[in-house]
Amino acid sequence: TLSCSKCLAGQFATGGGACRACEAGRFCPIAGTGVPSICTVGSSCPSGSSLPQVCRPGFFANDTGLSACLPCPAGYQCGSSGLVHPILCLAGSFAKGSGGTTCEQCQAGTYSAEQASTSCLSCIPETSARPDLWMSVVRLKGVRTFVPTQGATSKEACGCTGGALLLDGDCVPCSYGMTCFGKDDMELLP
């Protein structure tokens, strides 16, 4: 007696031929599949797939028919599953290596002026005699004092901390008889 059997999920056969694994970049969802389906965006289909595999965080798939998800490039974040396009890091943040799930804010004392940055630049000039007095700062609303800040987006955010003054391109401690509010703002005391 002759018996017919259907191919298993993840396999296909054409024209009554032998069952074989579904090709990479395609999937065969049900037993008896004759024509494999193309893998969808946001997922991958290795050889023998019965269903697309959703890309995990840190990876993306921006095209159909991929056999593997692509690692998120440096300077971008891929924080959710099934991502079709990586999301670029905004100025003031960075993602160092590939496969990242989040962009990190530049720490106080650093800045990043460009989108898709892979690192932050230091506020401290190489020639500074007092690197401890440099910081990325922001003026508090309604207050004269500058305070350290994270996520600075330009070199203009760099300046002296409170108690120091910018003089000849470097931060120097405030002299007796003055009050220094940070950056380059100071007041002579009577």
# chains A, B, ... in the order shown; residues from 1 in each chain; ligands from 1
>>> residues_around(residues="Leu188 of chain A", least_positions_apart="5", cutoff="9 Å", atoms="only C-alpha atoms", output="PyMOL selection string")
chain A and resi 177-180
>>> select_by_dssp(residues="segment 31-155 of chain A", states="strand (DSSP E)", output="PyMOL selection string")
chain A and resi 37-38+43-44+53-54+59-60+70-71+76-77+87-88+93-94+104-105+110-111+121-122+134-139+146-148
>>> write_last_selection(atoms="N, CA and C atoms", output="PDB file, in the first residue's frame")
ATOM      1  N   SER A  37       6.760  31.082   2.729  1.00  0.00           N
ATOM      2  CA  SER A  37       6.447  32.511   2.843  1.00  0.00           C
ATOM      3  C   SER A  37       7.730  33.272   3.133  1.00  0.00           C
ATOM      4  N   ILE A  38       7.811  34.510   2.627  1.00  0.00           N
ATOM      5  CA  ILE A  38       9.002  35.329   2.850  1.00  0.00           C
ATOM      6  C   ILE A  38       8.971  35.900   4.278  1.00  0.00           C
ATOM      7  N   SER A  43      11.887  40.748  11.855  1.00  0.00           N
ATOM      8  CA  SER A  43      12.102  39.353  12.254  1.00  0.00           C
ATOM      9  C   SER A  43      13.113  38.681  11.324  1.00  0.00           C
ATOM     10  N   SER A  44      13.533  37.483  11.711  1.00  0.00           N
ATOM     11  CA  SER A  44      14.463  36.704  10.899  1.00  0.00           C
ATOM     12  C   SER A  44      13.935  35.289  10.765  1.00  0.00           C
ATOM     13  N   GLN A  53      11.087  34.646  13.536  1.00  0.00           N
ATOM     14  CA  GLN A  53      11.564  34.888  14.898  1.00  0.00           C
ATOM     15  C   GLN A  53      11.748  36.395  15.067  1.00  0.00           C
ATOM     16  N   VAL A  54      10.968  36.990  15.964  1.00  0.00           N
ATOM     17  CA  VAL A  54      11.015  38.434  16.195  1.00  0.00           C
ATOM     18  C   VAL A  54      12.403  38.819  16.699  1.00  0.00           C
ATOM     19  N   PHE A  59      18.789  44.366  18.337  1.00  0.00           N
ATOM     20  CA  PHE A  59      18.854  43.949  16.942  1.00  0.00           C
ATOM     21  C   PHE A  59      17.663  44.513  16.182  1.00  0.00           C
ATOM     22  N   PHE A  60      17.738  44.516  14.849  1.00  0.00           N
ATOM     23  CA  PHE A  60      16.646  44.997  14.008  1.00  0.00           C
ATOM     24  C   PHE A  60      16.677  44.259  12.673  1.00  0.00           C
ATOM     25  N   LEU A  70      19.943  42.024  12.334  1.00  0.00           N
ATOM     26  CA  LEU A  70      21.188  42.790  12.286  1.00  0.00           C
ATOM     27  C   LEU A  70      21.447  43.462  13.637  1.00  0.00           C
ATOM     28  N   PRO A  71      22.707  43.506  14.105  1.00  0.00           N
ATOM     29  CA  PRO A  71      22.978  44.191  15.376  1.00  0.00           C
ATOM     30  C   PRO A  71      22.778  45.699  15.226  1.00  0.00           C
ATOM     31  N   TYR A  76      23.313  54.274  17.824  1.00  0.00           N
ATOM     32  CA  TYR A  76      21.865  54.042  17.718  1.00  0.00           C
ATOM     33  C   TYR A  76      21.412  53.170  18.871  1.00  0.00           C
ATOM     34  N   GLN A  77      20.097  53.144  19.096  1.00  0.00           N
ATOM     35  CA  GLN A  77      19.524  52.267  20.115  1.00  0.00           C
ATOM     36  C   GLN A  77      18.440  51.397  19.492  1.00  0.00           C
ATOM     37  N   ILE A  87      17.025  53.446  16.186  1.00  0.00           N
ATOM     38  CA  ILE A  87      16.715  54.832  16.551  1.00  0.00           C
ATOM     39  C   ILE A  87      18.026  55.522  16.920  1.00  0.00           C
ATOM     40  N   LEU A  88      18.311  56.657  16.238  1.00  0.00           N
ATOM     41  CA  LEU A  88      19.596  57.316  16.479  1.00  0.00           C
ATOM     42  C   LEU A  88      19.618  58.011  17.827  1.00  0.00           C
ATOM     43  N   SER A  93      23.791  62.588  23.919  1.00  0.00           N
ATOM     44  CA  SER A  93      23.790  61.175  24.302  1.00  0.00           C
ATOM     45  C   SER A  93      24.653  60.389  23.328  1.00  0.00           C
ATOM     46  N   PHE A  94      24.891  59.098  23.646  1.00  0.00           N
ATOM     47  CA  PHE A  94      25.753  58.263  22.815  1.00  0.00           C
ATOM     48  C   PHE A  94      25.434  56.794  23.030  1.00  0.00           C
ATOM     49  N   GLU A 104      22.991  56.457  26.127  1.00  0.00           N
ATOM     50  CA  GLU A 104      23.329  56.980  27.448  1.00  0.00           C
ATOM     51  C   GLU A 104      23.554  58.480  27.357  1.00  0.00           C
ATOM     52  N   GLN A 105      23.098  59.209  28.381  1.00  0.00           N
ATOM     53  CA  GLN A 105      23.344  60.648  28.431  1.00  0.00           C
ATOM     54  C   GLN A 105      24.818  60.906  28.693  1.00  0.00           C
ATOM     55  N   THR A 110      31.114  66.475  30.176  1.00  0.00           N
ATOM     56  CA  THR A 110      31.277  66.064  28.778  1.00  0.00           C
ATOM     57  C   THR A 110      30.093  66.575  27.970  1.00  0.00           C
ATOM     58  N   TYR A 111      30.220  66.504  26.632  1.00  0.00           N
ATOM     59  CA  TYR A 111      29.126  66.923  25.752  1.00  0.00           C
ATOM     60  C   TYR A 111      29.200  66.152  24.440  1.00  0.00           C
ATOM     61  N   LEU A 121      32.578  64.134  24.261  1.00  0.00           N
ATOM     62  CA  LEU A 121      33.846  64.865  24.323  1.00  0.00           C
ATOM     63  C   LEU A 121      33.993  65.533  25.684  1.00  0.00           C
ATOM     64  N   SER A 122      35.212  65.654  26.141  1.00  0.00           N
ATOM     65  CA  SER A 122      35.483  66.268  27.432  1.00  0.00           C
ATOM     66  C   SER A 122      35.408  67.786  27.339  1.00  0.00           C
ATOM     67  N   TRP A 134      36.486  72.503  35.734  1.00  0.00           N
ATOM     68  CA  TRP A 134      35.696  72.484  34.494  1.00  0.00           C
ATOM     69  C   TRP A 134      34.499  71.555  34.644  1.00  0.00           C
ATOM     70  N   MET A 135      33.403  71.916  33.989  1.00  0.00           N
ATOM     71  CA  MET A 135      32.188  71.116  34.067  1.00  0.00           C
ATOM     72  C   MET A 135      31.273  71.506  32.921  1.00  0.00           C
ATOM     73  N   SER A 136      30.328  70.644  32.580  1.00  0.00           N
ATOM     74  CA  SER A 136      29.238  71.073  31.703  1.00  0.00           C
ATOM     75  C   SER A 136      28.201  71.658  32.662  1.00  0.00           C
ATOM     76  N   VAL A 137      27.795  72.894  32.407  1.00  0.00           N
ATOM     77  CA  VAL A 137      26.955  73.616  33.362  1.00  0.00           C
ATOM     78  C   VAL A 137      25.716  74.194  32.683  1.00  0.00           C
ATOM     79  N   VAL A 138      24.738  74.478  33.502  1.00  0.00           N
ATOM     80  CA  VAL A 138      23.520  75.141  33.054  1.00  0.00           C
ATOM     81  C   VAL A 138      23.116  76.129  34.148  1.00  0.00           C
ATOM     82  N   ARG A 139      22.595  77.283  33.729  1.00  0.00           N
ATOM     83  CA  ARG A 139      22.146  78.272  34.716  1.00  0.00           C
ATOM     84  C   ARG A 139      20.736  77.909  35.139  1.00  0.00           C
ATOM     85  N   PHE A 146      25.464  78.752  38.198  1.00  0.00           N
ATOM     86  CA  PHE A 146      25.503  77.648  37.248  1.00  0.00           C
ATOM     87  C   PHE A 146      25.705  76.350  38.026  1.00  0.00           C
ATOM     88  N   VAL A 147      25.074  75.268  37.594  1.00  0.00           N
ATOM     89  CA  VAL A 147      25.214  73.968  38.251  1.00  0.00           C
ATOM     90  C   VAL A 147      25.612  72.925  37.211  1.00  0.00           C
ATOM     91  N   PRO A 148      26.294  71.851  37.635  1.00  0.00           N
ATOM     92  CA  PRO A 148      26.668  70.788  36.702  1.00  0.00           C
ATOM     93  C   PRO A 148      25.424  70.158  36.061  1.00  0.00           C
TER      94      PRO A 148
END
>>> residues_around(residues="Phe181 of chain A", least_positions_apart="6", cutoff="8 Å", atoms="only C-alpha atoms", output="MDAnalysis selection string")
chainID A and resid 144:146 161:165
>>> atom_distance(atom1="atom CA of Cys19 of chain A", atom2="atom CA of Cys7 of chain A")
5.6 Å
>>> residues_around(residues="Gly75 of chain A", least_positions_apart="6", cutoff="9 Å", atoms="only C-alpha atoms", output="short mmCIF file (atom, residue, chain, number, x, y, z; two decimals) with C-alpha atoms, in the first residue's frame")
data_model
loop_
_atom_site.label_atom_id
_atom_site.label_comp_id
_atom_site.auth_asym_id
_atom_site.auth_seq_id
_atom_site.Cartn_x
_atom_site.Cartn_y
_atom_site.Cartn_z
CA ILE A 87 16.71 54.83 16.55
CA LEU A 88 19.60 57.32 16.48
CA CYS A 89 21.02 58.79 19.65
CA LEU A 90 20.28 62.51 19.94
CA SER A 93 23.79 61.18 24.30
CA PHE A 94 25.75 58.26 22.82
CA ALA A 95 25.82 54.50 22.23
CA LYS A 96 29.37 53.14 22.27
CA GLY A 97 29.22 49.73 20.59
CA SER A 98 26.93 47.72 18.36
CA GLY A 100 22.95 48.61 22.14
CA CYS A 103 21.50 55.70 24.37
CA GLN A 115 23.43 62.85 16.55
CA ALA A 116 24.44 59.17 16.39
CA SER A 117 27.52 59.80 18.58
CA THR A 118 29.55 56.88 19.84
CA SER A 119 31.20 58.86 22.67
#
>>> atom_distance(atom1="atom CA of Gln11 of chain A", atom2="atom CA of Val84 of chain A")
26.4 Å
>>> closest_residue(among="A:Cys69, A:Asp63, A:Cys120, A:Gly25", to="Gly48 of chain A", atoms="only C-alpha atoms")
A:Gly25
>>> select_by_dssp(residues="chain A", states="helix (DSSP H, G or I)", output="ChimeraX atom specification")
/A:131-133,155-157
>>> write_last_selection(atoms="N, CA, C and O atoms", output="compact mmCIF listing (two decimals), in the first residue's frame")
# COMPACT_ATOMS: atom_id res chain seq x y z
N PRO A 131 41.83 71.08 35.92
CA PRO A 131 40.73 70.34 35.30
C PRO A 131 39.56 70.11 36.26
O PRO A 131 38.43 69.93 35.83
N ASP A 132 39.84 70.15 37.57
CA ASP A 132 38.78 69.93 38.55
C ASP A 132 37.75 71.07 38.57
O ASP A 132 36.66 70.92 39.12
N LEU A 133 38.06 72.21 37.95
CA LEU A 133 37.14 73.34 37.96
C LEU A 133 36.27 73.41 36.70
O LEU A 133 35.41 74.27 36.59
N LYS A 155 29.79 72.54 23.10
CA LYS A 155 30.97 73.03 23.84
C LYS A 155 30.60 74.28 24.64
O LYS A 155 31.19 74.54 25.68
N GLU A 156 29.60 75.03 24.16
CA GLU A 156 29.17 76.24 24.88
C GLU A 156 28.62 75.92 26.27
O GLU A 156 28.54 76.78 27.13
N ALA A 157 28.22 74.66 26.50
CA ALA A 157 27.74 74.28 27.83
C ALA A 157 28.89 74.08 28.80
O ALA A 157 28.68 73.96 30.00
>>> atom_distance(atom1="atom CA of Ala68 of chain A", atom2="atom CA of Lys6 of chain A")
27.5 Å
>>> residues_around(residues="Pro57 of chain A", least_positions_apart="6", cutoff="8 Å", atoms="only C-alpha atoms", output="ChimeraX atom specification")
/A:78-83,101
>>> residues_around(residues="Ala21 of chain A", least_positions_apart="2", cutoff="9 Å", atoms="only C-alpha atoms", output="PyMOL selection string")
chain A and resi 10-13+19+23-24+28+47-49
